[in-house]
Amino acid sequence: GRKVLFFGDFGIDDIVALIYAFFEDEIDIVGIVADYGNVTKSTALRNARYLQEVSQSYEIPIIAGAERSALGTSDVFYPEIHGEEGFGGFIPPDLTNHFENDFENFHVIYDLIEQYNEDLIIVNTGRLTSLATSYILYPDTVAKVKELYIMGGAFNFPGNVTPIAEANIFGDPYSANIVLTYGRNITIIPLNVTQSAIITPEMINFIDKQNQLKQTEIGKIIKPMLNYYYQFYKAHIPTIEGAPLHDLITLWAIINEDKMYYETRPVKVVVNIGESFGQTIGDFRQMIQLADYPVHRIGLNYNYPAFINDVIRVLTSDV
Ligand code: BDR
Ligand code: CA
């Protein structure tokens with residue numbers, strides 16, 4: 001399968017994406033970088049460790065990523081969306097013993113990229129702080145990566161944290177700006193795509209029924225986690241029919257090139273303080289001469305039935 005280094009802020013949709021990756025043969029996770037974002041960095045690390053335990057994937061290094069953004073003010077976490085522990089209504093057992101000083105240091109990102117080189121794909125489903133730090137510390141090394149997939153931004157579509165800004169970008173626009181300025185071979189999967197990549201309560205129940213028969217540990221966490229997440233969305237967006245799997249569709253895009261529709265456009269992140277702080281601007285004008293911002297591939301549409309069928313199939317398969 002594709003070699004993937006996964007940067008995430010392990011709340012619910014990041015966790016579902018990681019579970020999917022563990023179940024899917026076409027993806028080989030070679031490292032996990034856990035960052036602050038939906039939850040604190042230590043909770044994100046603990047969550048990654050818990051998933052490593054229950055999936056018995058001890059060979060995958062877990063790397064301690066960024067603890068805070070480049071904003072210089074206190075960061076905001078989202079327990080109302082992801083739960084206090086990042087697992088929604090599921091309470092993970094106490095793993096304190098398992099994680100004291102037990103994580104790889106940041107420089108292991110360098111080692112992994114040097115090891116896998118142009119075979120490596122990076123997926124980033126949280127704030128861009130750790131990835132920006134990698135570009136600052138190891139620019140020549142990160143440049144060797146084959147491709148980067150980033151869940152973030154909103155183009156000609158409302159934001160989610162502000163009317164125009166999306167959470168992963170708004171949480172640290174300075175770092176997003178660094179990545180989108182220096183990064184090449186970037187695919188952005190914005191809210192335009194992810195907001196409609198929903199899983200409905202009926203699908204959640206179906207997945208749960210299949211997993212109950214198997215009694216796996218991972219199977220037990222899926223329903224309480226996704227139900228909690230869905231309840232938040234339902235309360236805040238009454239018309240939504242399910243919960244958007246932002247981070248999972250971003251990972252799915254890596255192995256479903258032909259089921260996504262992309263446009264390659266100049267992209268800029270607004271870093272001036274003001275109403276538009278954290279907005280992503282894409283130049284979609286039909287002109288010959290476009291803005292001279294760096295050009296990136298932006299996901300604008302996709303095959304929903306293909307996506308959701310894969311989600312149900314993979315999350316109910318035997319590991
Ligand atoms: C993004 O923000 C986080 O809450 C989700 O995990 C996702 O990565 C959606 O805006
Ligand atoms: Ca995320």
# chains A, B, ... in the order shown; residues from 1 in each chain; ligands from 1
>>> closest_atom_pairs(of="chain A", to="ligand 2", cutoff="10 Å", atoms="only C-alpha atoms and all ligand atoms", output="CSV")
residue,atom,partner,partner_atom_place_in_ligand_line,distance
A:Phe7,CA,ligand 2,1 (Ca),9.0
A:Gly8,CA,ligand 2,1 (Ca),5.8
A:Asp9,CA,ligand 2,1 (Ca),5.2
A:Phe10,CA,ligand 2,1 (Ca),6.5
A:Gly11,CA,ligand 2,1 (Ca),6.4
A:Ile12,CA,ligand 2,1 (Ca),7.8
A:Asp13,CA,ligand 2,1 (Ca),6.2
A:Asp14,CA,ligand 2,1 (Ca),5.0
A:Ile15,CA,ligand 2,1 (Ca),8.5
A:Ala17,CA,ligand 2,1 (Ca),9.3
A:Asp35,CA,ligand 2,1 (Ca),9.5
A:Tyr36,CA,ligand 2,1 (Ca),9.8
A:Gly37,CA,ligand 2,1 (Ca),7.3
A:Asn38,CA,ligand 2,1 (Ca),6.6
A:Val39,CA,ligand 2,1 (Ca),9.6
A:His82,CA,ligand 2,1 (Ca),9.9
A:Asn124,CA,ligand 2,1 (Ca),8.1
A:Thr125,CA,ligand 2,1 (Ca),4.4
A:Gly126,CA,ligand 2,1 (Ca),4.1
A:Arg127,CA,ligand 2,1 (Ca),7.5
A:Met151,CA,ligand 2,1 (Ca),7.6
A:Gly152,CA,ligand 2,1 (Ca),8.9
A:Ala167,CA,ligand 2,1 (Ca),8.6
A:Asn168,CA,ligand 2,1 (Ca),7.1
A:Leu245,CA,ligand 2,1 (Ca),9.5
A:His246,CA,ligand 2,1 (Ca),7.5
A:Asp247,CA,ligand 2,1 (Ca),5.9
A:Leu248,CA,ligand 2,1 (Ca),9.3
>>> write_last_selection(atoms="N, CA and C atoms", output="JSON list (two decimals), in the first residue's frame")
[["chain", "number", "residue", "atom", "x", "y", "z"],
["A", 7, "PHE", "N", -0.29, 13.24, 10.05],
["A", 7, "PHE", "CA", -0.29, 14.31, 11.06],
["A", 7, "PHE", "C", -1.75, 14.58, 11.43],
["A", 8, "GLY", "N", -2.11, 14.43, 12.71],
["A", 8, "GLY", "CA", -3.51, 14.67, 13.08],
["A", 8, "GLY", "C", -3.65, 15.22, 14.49],
["A", 9, "ASP", "N", -4.81, 15.81, 14.75],
["A", 9, "ASP", "CA", -5.14, 16.31, 16.10],
["A", 9, "ASP", "C", -6.26, 15.40, 16.61],
["A", 10, "PHE", "N", -5.90, 14.25, 17.09],
["A", 10, "PHE", "CA", -6.82, 13.12, 17.20],
["A", 10, "PHE", "C", -8.09, 13.31, 18.03],
["A", 11, "GLY", "N", -9.03, 14.00, 17.37],
["A", 11, "GLY", "CA", -10.44, 14.05, 17.75],
["A", 11, "GLY", "C", -11.17, 13.04, 16.88],
["A", 12, "ILE", "N", -12.49, 13.12, 16.85],
["A", 12, "ILE", "CA", -13.28, 12.04, 16.28],
["A", 12, "ILE", "C", -13.00, 11.75, 14.80],
["A", 13, "ASP", "N", -13.07, 12.74, 13.94],
["A", 13, "ASP", "CA", -12.91, 12.39, 12.51],
["A", 13, "ASP", "C", -11.47, 12.02, 12.16],
["A", 14, "ASP", "N", -10.50, 12.56, 12.91],
["A", 14, "ASP", "CA", -9.11, 12.12, 12.73],
["A", 14, "ASP", "C", -9.00, 10.64, 13.14],
["A", 15, "ILE", "N", -9.63, 10.30, 14.24],
["A", 15, "ILE", "CA", -9.57, 8.92, 14.75],
["A", 15, "ILE", "C", -10.22, 7.96, 13.75],
["A", 17, "ALA", "N", -10.46, 8.37, 10.61],
["A", 17, "ALA", "CA", -9.55, 8.28, 9.47],
["A", 17, "ALA", "C", -8.40, 7.32, 9.77],
["A", 35, "ASP", "N", -0.80, 16.11, 17.31],
["A", 35, "ASP", "CA", -0.74, 17.56, 17.55],
["A", 35, "ASP", "C", -1.90, 18.05, 18.40],
["A", 36, "TYR", "N", -1.72, 19.19, 19.02],
["A", 36, "TYR", "CA", -2.83, 19.93, 19.62],
["A", 36, "TYR", "C", -3.82, 20.30, 18.50],
["A", 37, "GLY", "N", -5.06, 20.61, 18.88],
["A", 37, "GLY", "CA", -6.04, 21.06, 17.87],
["A", 37, "GLY", "C", -7.43, 20.83, 18.40],
["A", 38, "ASN", "N", -8.06, 19.73, 17.97],
["A", 38, "ASN", "CA", -9.38, 19.39, 18.52],
["A", 38, "ASN", "C", -9.27, 19.19, 20.03],
["A", 39, "VAL", "N", -8.14, 18.58, 20.44],
["A", 39, "VAL", "CA", -7.85, 18.29, 21.85],
["A", 39, "VAL", "C", -6.43, 18.79, 22.12],
["A", 82, "HIS", "N", -15.80, 17.06, 19.96],
["A", 82, "HIS", "CA", -15.04, 15.80, 19.99],
["A", 82, "HIS", "C", -15.07, 15.09, 21.33],
["A", 124, "ASN", "N", -2.28, 15.56, 6.36],
["A", 124, "ASN", "CA", -2.36, 16.45, 7.53],
["A", 124, "ASN", "C", -3.83, 16.80, 7.79],
["A", 125, "THR", "N", -4.33, 16.36, 8.93],
["A", 125, "THR", "CA", -5.76, 16.56, 9.19],
["A", 125, "THR", "C", -6.02, 17.46, 10.40],
["A", 126, "GLY", "N", -4.99, 18.18, 10.83],
["A", 126, "GLY", "CA", -5.19, 19.13, 11.94],
["A", 126, "GLY", "C", -4.61, 20.48, 11.56],
["A", 127, "ARG", "N", -4.24, 21.27, 12.57],
["A", 127, "ARG", "CA", -3.55, 22.53, 12.32],
["A", 127, "ARG", "C", -2.26, 22.21, 11.58],
["A", 151, "MET", "N", -6.29, 18.47, 4.84],
["A", 151, "MET", "CA", -7.68, 18.82, 5.08],
["A", 151, "MET", "C", -7.68, 20.23, 5.63],
["A", 152, "GLY", "N", -8.27, 21.16, 4.88],
["A", 152, "GLY", "CA", -8.33, 22.52, 5.39],
["A", 152, "GLY", "C", -8.85, 23.49, 4.36],
["A", 167, "ALA", "N", -11.54, 25.52, 10.40],
["A", 167, "ALA", "CA", -10.83, 25.33, 11.68],
["A", 167, "ALA", "C", -9.33, 25.04, 11.56],
["A", 168, "ASN", "N", -8.94, 24.15, 10.66],
["A", 168, "ASN", "CA", -7.51, 23.78, 10.61],
["A", 168, "ASN", "C", -6.63, 24.95, 10.15],
["A", 245, "LEU", "N", -17.32, 13.60, 7.67],
["A", 245, "LEU", "CA", -16.05, 12.91, 7.95],
["A", 245, "LEU", "C", -14.92, 13.63, 7.20],
["A", 246, "HIS", "N", -14.65, 14.86, 7.65],
["A", 246, "HIS", "CA", -13.66, 15.72, 6.97],
["A", 246, "HIS", "C", -12.33, 15.01, 6.73],
["A", 247, "ASP", "N", -11.80, 14.44, 7.81],
["A", 247, "ASP", "CA", -10.44, 13.91, 7.74],
["A", 247, "ASP", "C", -10.39, 12.58, 7.01],
["A", 248, "LEU", "N", -11.47, 11.83, 7.11],
["A", 248, "LEU", "CA", -11.49, 10.53, 6.42],
["A", 248, "LEU", "C", -11.56, 10.70, 4.91]]
>>> select_by_dssp(residues="stretch 54-125 of chain A", states="helix (DSSP H, G or I)", output="number ranges by chain")
A: 54-55, 79-82, 96-98, 107-119
>>> write_last_selection(atoms="C-alpha atoms", output="mmCIF file, in the first residue's frame")
data_model
loop_
_atom_site.group_PDB
_atom_site.id
_atom_site.type_symbol
_atom_site.label_atom_id
_atom_site.label_comp_id
_atom_site.auth_asym_id
_atom_site.auth_seq_id
_atom_site.Cartn_x
_atom_site.Cartn_y
_atom_site.Cartn_z
ATOM 1 C CA VAL A 54 -6.204 -1.828 20.229
ATOM 2 C CA SER A 55 -5.036 -2.388 16.672
ATOM 3 C CA PRO A 79 -14.662 19.276 23.600
ATOM 4 C CA GLU A 80 -18.228 20.108 22.520
ATOM 5 C CA ILE A 81 -17.531 18.553 19.106
ATOM 6 C CA HIS A 82 -15.040 15.805 19.987
ATOM 7 C CA THR A 96 -1.170 6.912 31.793
ATOM 8 C CA ASN A 97 1.335 4.123 32.415
ATOM 9 C CA HIS A 98 1.787 3.648 28.722
ATOM 10 C CA HIS A 107 13.340 14.619 14.512
ATOM 11 C CA VAL A 108 11.894 11.190 13.698
ATOM 12 C CA ILE A 109 9.814 13.042 11.068
ATOM 13 C CA TYR A 110 13.130 13.802 9.373
ATOM 14 C CA ASP A 111 14.251 10.165 9.653
ATOM 15 C CA LEU A 112 10.995 8.835 8.206
ATOM 16 C CA ILE A 113 11.048 11.187 5.229
ATOM 17 C CA GLU A 114 14.689 10.364 4.533
ATOM 18 C CA GLN A 115 13.848 6.673 4.759
ATOM 19 C CA TYR A 116 10.833 6.644 2.434
ATOM 20 C CA ASN A 117 11.716 9.665 0.295
ATOM 21 C CA GLU A 118 9.620 10.011 -2.856
ATOM 22 C CA ASP A 119 7.557 6.976 -1.862
#
>>> select_by_dssp(residues="stretch 27-78 of chain A", states="strand (DSSP E or B)", output="ChimeraX atom specification")
/A:27-34,62-64
>>> residues_around(residues="A:Pro92", least_positions_apart="4", cutoff="10 Å", atoms="only C-alpha atoms", output="PyMOL selection string")
chain A and resi 46-47+50-51+85-87+221
>>> write_last_selection(atoms="C-alpha atoms", output="PDB file, in the first residue's frame")
ATOM      1  CA  ARG A  46      -2.768   9.328  24.274  1.00  0.00           C
ATOM      2  CA  ASN A  47      -5.486   8.738  21.664  1.00  0.00           C
ATOM      3  CA  TYR A  50      -4.764   3.863  22.451  1.00  0.00           C
ATOM      4  CA  LEU A  51      -5.499   3.145  18.782  1.00  0.00           C
ATOM      5  CA  GLU A  85     -11.135  12.878  25.599  1.00  0.00           C
ATOM      6  CA  GLY A  86     -11.506  13.273  21.838  1.00  0.00           C
ATOM      7  CA  PHE A  87     -13.509  10.034  21.574  1.00  0.00           C
ATOM      8  CA  ILE A 221     -15.674   2.765  20.026  1.00  0.00           C
TER       9      ILE A 221
END
>>> residues_around(residues="A:Gly65", least_positions_apart="2", cutoff="6 Å", atoms="only C-alpha atoms", output="list in words")
Val33, Ala34, Asp35 and Ser130 of chain A
>>> write_last_selection(atoms="N, CA and C atoms", output="short mmCIF file (atom, residue, chain, number, x, y, z; two decimals), in the first residue's frame")
data_model
loop_
_atom_site.label_atom_id
_atom_site.label_comp_id
_atom_site.auth_asym_id
_atom_site.auth_seq_id
_atom_site.Cartn_x
_atom_site.Cartn_y
_atom_site.Cartn_z
N VAL A 33 1.96 11.59 13.68
CA VAL A 33 2.37 12.79 14.42
C VAL A 33 1.12 13.33 15.11
N ALA A 34 1.16 13.40 16.44
CA ALA A 34 -0.02 13.84 17.19
C ALA A 34 0.17 15.29 17.65
N ASP A 35 -0.80 16.11 17.31
CA ASP A 35 -0.74 17.56 17.55
C ASP A 35 -1.90 18.05 18.40
N SER A 130 2.88 21.61 13.00
CA SER A 130 4.01 20.67 12.93
C SER A 130 4.58 20.57 11.53
#
>>> atom_distance(atom1="atom CA of A:Val271", atom2="atom CA of A:Thr40")
23.5 Å
>>> residues_around(residues="stretch 299-303 of chain A", least_positions_apart="6", cutoff="6 Å", atoms="only C-alpha atoms", output="NGL selection string")
:A and (189 or 192-193 or 259-262)
>>> closest_residue(among="A:Val267, A:Ala291, A:Leu191, A:Val4", to="ligand 1", atoms="only C-alpha atoms and all ligand atoms")
A:Leu191
>>> residues_around(residues="A:Met225", least_positions_apart="2", cutoff="8 Å", atoms="only C-alpha atoms", output="ChimeraX atom specification")
/A:12,87-90,221-223,227-229
>>> closest_residue(among="A:Gly219, A:Pro201, A:Pro224, A:Pro61", to="A:Glu241", atoms="only C-alpha atoms")
A:Pro201
>>> closest_residue(among="A:Thr187, A:Thr200, A:Gln210, A:Asn160", to="A:Arg265", atoms="only C-alpha atoms")
A:Thr187
>>> closest_residue(among="A:Phe284, A:Phe23, A:Tyr182, A:Tyr304", to="A:Ala197", atoms="only C-alpha atoms")
A:Tyr304
>>> atom_distance(atom1="atom CA of A:Thr316", atom2="atom CA of A:Ile207")
5.8 Å
>>> residues_around(residues="A:Ser276", least_positions_apart="4", cutoff="8 Å", atoms="only C-alpha atoms", output="number ranges by chain")
A: 164-165, 270, 272
>>> closest_residue(among="A:Tyr138, A:Phe157, A:Phe22, A:Tyr174", to="A:Ala70", atoms="only C-alpha atoms")
A:Tyr174
>>> atom_distance(atom1="atom CA of A:Gly183", atom2="atom CA of A:Ile27")
22.5 Å
>>> closest_residue(among="A:Pro163, A:Ala143, A:Tyr149, A:Glu67", to="A:Thr129", atoms="only C-alpha atoms")
A:Glu67
